[in-house]
Every structure is written in C-alpha cells, then in structure tokens.
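Single-structure report; data block below.
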Amino acid sequence: MAIQPIRGGSLSEAEVTTAPRVAWPAPAERSESPLVQGLRRLRRSGTALVGVVIVVLLVTVAIFADVLAPQSPIASDQAHTFARPSWDHPLGTDQLGRDMLSRVIHGTRISLLVGVSSVLLALFVGVPFGMIAGFYGGRVDTLIMRVMDLILAFPIYLLAIILMVMFTPTAGLIGTMKVTGAIAIVRIPIYARLVRGSVLSIKEKEYVEACRALGVRDPWILFRHVLPNCLAPIIVTTTLGIATSIIVEATLSFLGLGTQPPTPSWGWDLKANISFIQANAWLSLFPGLAIFVTVLGFNLFGDGLRDALDPRLK
Amino acid sequence: MRVYVLRRLLGIVPTVLMITFVVFVMMRSVPGDPVVALLGDAYDEQDAIKVRASYGLDQPILVQYAIWLGKLARGDWGVSYMTGRPVLKDVLVRLPVTLELIVLSMAVALAIAVPAAIIGALRQNTWADYTATTIAMIGVSIPEFFIGVLLLLVFSIGLGGLLPSSGWTYLPGTCPTMVCGASLWGNAQHVLLPAIALGVGRAAILTRLLRASMLEVIRTEYVTTARAKGLSERPVVLKHALKNALIPTVTVMGLQVGFLIGGAIVVETLFAMPGLGTFGIDAIIARDYQQVQGFALLTALAFVVMNLVVDLTYTFLDPRIRYA
C-alpha cells in the first residue's frame with residue numbers, strides 16, 4: 001500500500017506555494033482612506049466631471065488671460081463704440097469701444113481670484129477657530145461662537161455691503177483684495193460652525209483618547225488626528241462656497257461696490273451695460289453668461305464631491 | 001407654547017440691538033464725513049461745526065447710539081440728513097413694495113418647486129426627474145440680476161414692451177402721495193418680472209432640498225403603511241410624505257432670508273423699484289446714518305422674526321415637536 005499524504009492536516013510543499021494564504025496571512029495591504037475611495041467614486045460621476053472640466057477651463061483662461069484676450073480689456077476705441085459682434089470683436093464692443101471678449105476673458109481672473117481666495121481666507125480663519133472651540137469647549141467655545149453668531153446674525157448682504165462701503169471700493173489688486181476680505185469675513189462663521197460640530201463628535205472617539213493616554217500634545221492631536229477626520233464636509237462646503245462667493249462678488253460688483261473700473265469685472269460690466277440694453281442686448285448678456293457658467297461649474301463639481309465623499313447625503 | 005413664543009420674542013431684542021449697534025459703529029468708521037457731503041460747495045468750518053452739533057454728530061459714538069435708542073423708544077426713527085424727511089415715514093412708504101415683492105417671489109418659488117420636487121422624487125431617475133434636477137441646478141447657478149436681465153430682454157424688449165422694464169405702480173391704498181396712479185393691473189404688470197427674477201433662484205434651491213428629503217421620506221415605513229392600508233396616492237404624497245419632507249426644507253429656507261434681502265436689493269436696483277432695498281443701498285452709499293439705521297433696524301427685525309416663524313412652523317409640520 002502506497003503511502004498517501006495526509007489530507008487536511010498538514011500541507012505538502014506544492015500546496016504551500018499555490019495557496020500561501022491558508023497557512024499565514026498575506027502582508028496586509030494598506031486600506032484605502034475614505035478620501036481616496038471618495039475620489040474614486042467622483043471619477044465615475046458624469047456631472048461632476050463636467051464641473052471639473054468647466055473649472056479647469058476657467059482656471060486656464062484666467063491664467064493665460066493676457067495671451068488669450070485678443071485686445072486689451074481697458075483700451076477704449078472711440079471710433080468703434082457699440083460694435084455688433086463681428087470677426088474683429090466676437091462679442092462686440094461697449095460704450096467706450098472696449099472689446100467685450102477681452103473684458104469677459106479678463107473678468108475670469110477677478111471672479112476666480114475673489115471666489116477662491118475669499119473662501120480660502122475664511123477657511124484659514126474659520127477652521128482653526130472651530131477646532132479650538134469644539135476641542136476645548138467651555139469659555140473658549142462660548143467666546144468664539146458668540147462672535148461667530150454675531151456675524152451670522154447679520155443678513156449676509158447687509159454686512160458685505162457695509163463692509164465694502166467701509167473699505168471704500170477701488171480698482172486693481174487692492175480693490176480685489178478688499179472684496180475678498182469683505183466676503184471672507186461674512187463666510188468665516190460657516191466654516192467655524194461646521195468644523196466645531198465635527199470636532200465635538202470626533203474628540204470623543206477612542207483614537208483621540210488613545211492619543212491622550214500616550215501623552216500626545218494637543219496641537220498634534222488636532223492637526224494629525226482630528227482635522228483629517230472632518231476633512232470631507234470641509235472640502236464639499238469649500239467647493240460649493242466658491243460658487244456662492246462668486247455670486248456674492250458679482251452681486252457686490254453689480255451694486256457698484258466690487259472691484260472698480262477700469263478693472264474688468266463681470267457684475268460691473270453687466271450693470272454698466274443695462275442702460276444700453278434696448279439697442280445692445282448682447283453687452284449685458286455675455287458677462288451674465290460668464291458668471292452663470294462659472295458658478296455652474298463649481299456647483300456641479302461640489303455636488304459631485306458631496307455625493308462621492310458623503311454617500312449618506314445622496 | 002405661549003411662554004416659548006414670549007421668550008423668543010424677548011430674545012429678539014438683544015439680537016436687534018446688537019445688529020443695529022454694530023451697523024452704527026461700522027457706518028461711523030466709514031471714511032468721509034456726511035456733513036461735508038451735505039454742505040457740498042457751501043462748506044465752511046463754522047457751519048460744519050453747527051450742523052454736526054445739531055445732529056449730535058459731535059458726541060462720542062456710544063452717546064450717539066444711546067440718543068438714537070432713546071428716540072427710537074419714543075417712536076422717533078430720526079430724520080434723514082440728506083432729505084430732511086423722517087426716516088420712519090420713508091421706510092413705511094417703501095416697506096409694502098418690498099413685502100409684496102418678497103411674498104410674491106416666495107409664491108413663485110413654491111409654485112415651481114413643490115410640483116417639481118414631487119415629480120422628481122416620485123419618478124426618481126426618469127426623464128422627468130433629470131429635467132427637474134437639471135433645471136434646478138441651472139437655477140441655483142444664475143444670479144438674480146442675470147435672470148432679471150434675461151426677463152427684461154424677453155418680455156420688455158423682445159415682445160414689444162409687453163411688461164414694463166422699470167418703475168412702479170402702487171397697489172390701491174399704499175400710495176404715498178396725494179396724486180399717484182394706483183391700480184391693481186398696473187401694479188401686477190410692474191411686480192411680475194421682479195417677483196419671477198427673485199423667485200426662480202429660491203425655487204431652484206427649494207426643489208433640490210425638497211426632492212432630496214422627499215426621496216428619504218417616501219422610503220420610510222409609515223409611507224409604506226399608508227399605502228398598504230389602501231390609501232390613494234394623493235393623500236400619501238401630500239399628507240404623509242410632503243409634510244414631513246418640508247421640515248428640513250423650511251430650516252434652510254429660514255437661512256435663505258439673508259440671501260433674500262440681498263436679492264431684493266439687487267432686483268429692486270435692476271428694475272428701479274421704490275422699495276426698501278433701493279432705499280437701503282442708496283442710504284449706505286450716501287452715508288445717511290439715520291436712514292441706514294432705520295434700514296438696518298427693519299432688516300434685522302425681519303431677519304429675526306423670520307427665523308422665529310420658521311421655528312414655529314415646525315410645530316405645525318410635526319406636532320411631535322413641542323416648545324416648552
């Protein structure tokens with residue numbers, strides 16, 4: 001009787017090479033973070049991709065505005081005022097003979113600059129305050145949140161308008177910075193509240209307690225362990241916040257309180273050309289369309305991000 | 001419940017005081033002197049000192065604010081530096097215009113959003129749903145003034161001046177002067193485009209929110225139960241689903257009031273309406289402190305009262321919510 005290998009109990013050499021996982025676990029792969037999983041989901045969303053494409057295109061236009069614009073956005077040409085759209089001026093010219101296409105292209109800069117930087121500014125102030133308020137609680141929390149509630153108690157536009165009157169709107173980069181500052185101030189509490197809420201629940205988690213038990217210092221806990229875990233809602237609110245900020249900028253500029261001329265700004269151009277809307281409808285149309293497409297891009301992108309990063313909200 | 005409302009009403013006072021105080025301080029830190037603007041070419045240092053004293057502008061800010069409050073308590077909202085008219089009178093003339101605009105725009109928003117959201121939620125992932133969500137996405141991305149411009153282009157210019165592009169006809173009974181042609185029809189013509197311009201954006205936000213919460217609600221067990229016991233679709237949707245789906249929506253609509261005030265300013269500016277929005281922005285830009293205070297007071301009141309109304313709506317929508 002031939003000797004049979006014992007089945008079930010031990011493994012022959014051949015079996016070990018084909019099925020190593022039976023005997024001992026394979027080296028554990030690093031599990032994907034929720035953020036990476038979310039971005040993977042984002043890639044599959046069609047509308048989000050449309051948003052990404054619009055945003056990337058706009059950023060490109062803003063960066064290369066000097067190259068893309070056929071003419072200077074502020075050079076007036078008295079001989080060709082109110083020109084209808086033509087090959088020379090694809091979007092026509094305004095009452096000073098300025099090329100509308102060039103103005104719309106350069107307007108992208110102001111719009112994106114204010115939209116993105118005001119949200120980032122609000123983020124850099126609001127997030128630390130929200131983290132501190134939520135993490136430490138007590139009097140610090142009360143003090144910080146009282147100030148935030150004070151800002152939130154204002155109707156957003158009332159505050160933004162008065163801030164802009166206080167800053168006195170001007171042209172150029174300084175003017176843009178003033179608008180950025182005004183919008184950032186009214187938006188700080190949104191991030192502070194959002195982050196505070198997340199931190200309140202995260203600080204009770206076991207891993208934070210474990211850190212404390214190990215003697216990890218507070219700033220390290222906050223930035224290394226708490227912040228990454230409330231990142232998803234921050235990212236979503238930021239993207240959608242850019243869309244809102246762009247609308248607020250356009251509105252302020254429509255009311256004459258944004259970046260002042262000659263710096264091209266969509267809201268201002270739209271308002272300035274309404275007086276001539278009877279005969280030259282296209283002049284107000286293009287800056288308005290530009291605002292719409294930009295806001296739509298960020299909204300689509302933000303919506304896609306939300307669906308991807310927080311599936312519960314879908 | 002009554003105690004709760006009373007407590008909330010009392011809570012309004014510090015908030016309104018705070019807002020008006022901050023506005024007071026902010027306006028006075030605006031560079032430039034309203035007295036200089038008021039006297040214009042006739043500016044003379046002696047006159048300026050006299051004018052400042054007569055308006056109390058030479059006092060410290062806190063004293064000025066206290067004086068303003070004291071007068072307010074006696075029903076005196078102050079007198080405009082620029083026009084010399086009492087602020088309260090101006091505000092009362094302009095308030096109905098803005099109220100009408102806001103109420104009608106909310107009506108427009110609801111009329112669009114509720115059906116759109118119900119169809120979107122009940123027929124999720126069909127063409128009807130995609131159409132509703134796409135239009136809503138476009139709606140949230142268009143600023144009010146651009147919708148206004150598009151409406152102007154179509155209805156005031158395109159269709160041969162079907163509707164007026166600017167100005168106002170008062171509702172009968174709200175006419176501020178002895179002679180003004182107040183008429184219902186004229187008023188309707190003037191308010192239609194602004195109300196749509198302001199309402200469409202709200203409708204879009206409302207549709208998105210309501211659709212999302214409807215989707216959640218129609219999957220709950222009580223809706224299944226309602227259907228299982230043989231209730232027809234209409235009461236299931238309107239009484240069981242919609243009412244519960246409205247709760248989160250109402251919260252967000254309350255938060256939208258701040259944006260609605262901004263929207264009113266923009267739409268009134270675009271359509272040259274004699275409402276509170278244009279009053280406020282003109283006053284702020286002209287630095288007419290008294291008018292700005294009146295505007296801030298009224299906006300703050302509207303804002304706070306709206307938030308209270310939102311909280312009270314919950315008890316109607318969900319009787320389980322009780323305020324003790």
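All residue names refer to the structure tokens as shown: chains lettered A, B, ... in order, residues numbered from 1 in each chain, ligands numbered from 1 in order.
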- prompt: Which polymer residues have any atom within 9 Å of an atom of segment 202-206 of chain A, counting only C-alpha atoms, with same-chain residues fewer than 6 positions away left out, as a list in words?
  reply: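 Here the answer would be Gly134, Phe135, Val226, Asn229 and Cys230 of chain A.
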- request: List every residue of segment 54-97 of chain A that DSSP, applied to the backbone of this structure, places in helix (DSSP H, G or I), and write the result as a PyMOL selection string.
  value: chain A and resi 54-63+65-68+78-80
The selected residues should be written to file as an mmCIF file, in the first residue's frame (atoms: C-alpha atoms).
data_model
loop_
_atom_site.group_PDB
_atom_site.id
_atom_site.type_symbol
_atom_site.label_atom_id
_atom_site.label_comp_id
_atom_site.auth_asym_id
_atom_site.auth_seq_id
_atom_site.Cartn_x
_atom_site.Cartn_y
_atom_site.Cartn_z
ATOM 1 C CA ILE A 54 -15.549 73.774 -16.677
ATOM 2 C CA VAL A 55 -13.437 74.691 -13.635
ATOM 3 C CA VAL A 56 -10.165 73.584 -15.278
ATOM 4 C CA LEU A 57 -11.035 75.527 -18.454
ATOM 5 C CA LEU A 58 -11.832 78.658 -16.453
ATOM 6 C CA VAL A 59 -8.621 78.412 -14.449
ATOM 7 C CA THR A 60 -6.700 78.063 -17.722
ATOM 8 C CA VAL A 61 -8.475 81.102 -19.165
ATOM 9 C CA ALA A 62 -7.730 83.102 -16.011
ATOM 10 C CA ILE A 63 -4.033 82.176 -16.015
ATOM 11 C CA ALA A 65 -5.888 85.769 -19.991
ATOM 12 C CA ASP A 66 -3.131 88.017 -21.355
ATOM 13 C CA VAL A 67 -2.399 85.585 -24.172
ATOM 14 C CA LEU A 68 -5.998 84.572 -24.906
ATOM 15 C CA GLN A 78 -13.919 105.823 -29.630
ATOM 16 C CA ALA A 79 -14.298 105.028 -33.316
ATOM 17 C CA HIS A 80 -15.872 101.632 -32.637
#
field: Surrounding residues of segment 70-72 of chain B excluding itself and chain neighbours under 4 positions, 12 Å, only C-alpha atoms, as an NGL selection string
entry: :B and (17 or 20 or 63-66 or 76-79 or 87-88 or 290 or 293-294 or 297)
Take the selection from the previous step and output its residues with N, CA and C atoms, as a PDB file, in the first residue's frame.
ATOM      1  N   LEU B  17     -30.695  94.802  18.913  1.00  0.00           N
ATOM      2  CA  LEU B  17     -29.841  95.861  19.469  1.00  0.00           C
ATOM      3  C   LEU B  17     -28.406  95.682  18.996  1.00  0.00           C
ATOM      4  N   THR B  20     -28.035  96.517  15.233  1.00  0.00           N
ATOM      5  CA  THR B  20     -28.084  97.955  14.970  1.00  0.00           C
ATOM      6  C   THR B  20     -26.850  98.656  15.545  1.00  0.00           C
ATOM      7  N   VAL B  63     -22.666 107.646  23.072  1.00  0.00           N
ATOM      8  CA  VAL B  63     -23.710 108.614  23.414  1.00  0.00           C
ATOM      9  C   VAL B  63     -24.679 108.756  22.243  1.00  0.00           C
ATOM     10  N   GLN B  64     -24.104 108.845  21.030  1.00  0.00           N
ATOM     11  CA  GLN B  64     -24.948 108.970  19.842  1.00  0.00           C
ATOM     12  C   GLN B  64     -25.908 107.800  19.732  1.00  0.00           C
ATOM     13  N   TYR B  65     -25.359 106.591  19.994  1.00  0.00           N
ATOM     14  CA  TYR B  65     -26.199 105.395  19.887  1.00  0.00           C
ATOM     15  C   TYR B  65     -27.296 105.440  20.948  1.00  0.00           C
ATOM     16  N   ALA B  66     -26.933 105.868  22.157  1.00  0.00           N
ATOM     17  CA  ALA B  66     -27.916 105.955  23.237  1.00  0.00           C
ATOM     18  C   ALA B  66     -29.018 106.942  22.871  1.00  0.00           C
ATOM     19  N   ASP B  76     -39.480 107.669  17.465  1.00  0.00           N
ATOM     20  CA  ASP B  76     -38.837 108.595  16.545  1.00  0.00           C
ATOM     21  C   ASP B  76     -37.642 107.897  15.903  1.00  0.00           C
ATOM     22  N   TRP B  77     -37.731 107.610  14.620  1.00  0.00           N
ATOM     23  CA  TRP B  77     -36.650 106.898  13.929  1.00  0.00           C
ATOM     24  C   TRP B  77     -35.587 107.856  13.409  1.00  0.00           C
ATOM     25  N   GLY B  78     -35.662 109.121  13.753  1.00  0.00           N
ATOM     26  CA  GLY B  78     -34.669 110.080  13.294  1.00  0.00           C
ATOM     27  C   GLY B  78     -35.079 110.731  11.985  1.00  0.00           C
ATOM     28  N   VAL B  79     -34.294 111.734  11.593  1.00  0.00           N
ATOM     29  CA  VAL B  79     -34.578 112.479  10.371  1.00  0.00           C
ATOM     30  C   VAL B  79     -33.379 112.343   9.447  1.00  0.00           C
ATOM     31  N   VAL B  87     -37.306 109.346   8.916  1.00  0.00           N
ATOM     32  CA  VAL B  87     -36.936 108.040   8.375  1.00  0.00           C
ATOM     33  C   VAL B  87     -38.114 107.075   8.415  1.00  0.00           C
ATOM     34  N   LEU B  88     -38.861 107.099   9.525  1.00  0.00           N
ATOM     35  CA  LEU B  88     -39.963 106.149   9.686  1.00  0.00           C
ATOM     36  C   LEU B  88     -40.976 106.294   8.544  1.00  0.00           C
ATOM     37  N   GLN B 290     -28.858 108.150   9.608  1.00  0.00           N
ATOM     38  CA  GLN B 290     -30.195 107.902  10.156  1.00  0.00           C
ATOM     39  C   GLN B 290     -30.965 106.918   9.294  1.00  0.00           C
ATOM     40  N   GLN B 293     -29.560 103.443   9.724  1.00  0.00           N
ATOM     41  CA  GLN B 293     -30.014 102.839  10.984  1.00  0.00           C
ATOM     42  C   GLN B 293     -31.430 102.302  10.847  1.00  0.00           C
ATOM     43  N   GLY B 294     -32.294 103.102  10.207  1.00  0.00           N
ATOM     44  CA  GLY B 294     -33.668 102.654  10.006  1.00  0.00           C
ATOM     45  C   GLY B 294     -33.719 101.388   9.183  1.00  0.00           C
ATOM     46  N   LEU B 297     -32.335  98.442  11.186  1.00  0.00           N
ATOM     47  CA  LEU B 297     -33.297  98.033  12.213  1.00  0.00           C
ATOM     48  C   LEU B 297     -34.378  97.153  11.602  1.00  0.00           C
TER      49      LEU B 297
END
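Residue-level contacts from chain B to chain A at 6 Å, counting only C-alpha atoms, read Val30, Ser141, Ile142, Phe146, Gly258 and Gly262 of chain B.
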field: Interatomic distance (Å, one decimal) between atom CA of Gln260 of chain A and atom CA of Pro169 of chain A
entry: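 Calculated distance between atom CA of Gln260 of chain A and atom CA of Pro169 of chain A is 6.3 Å.
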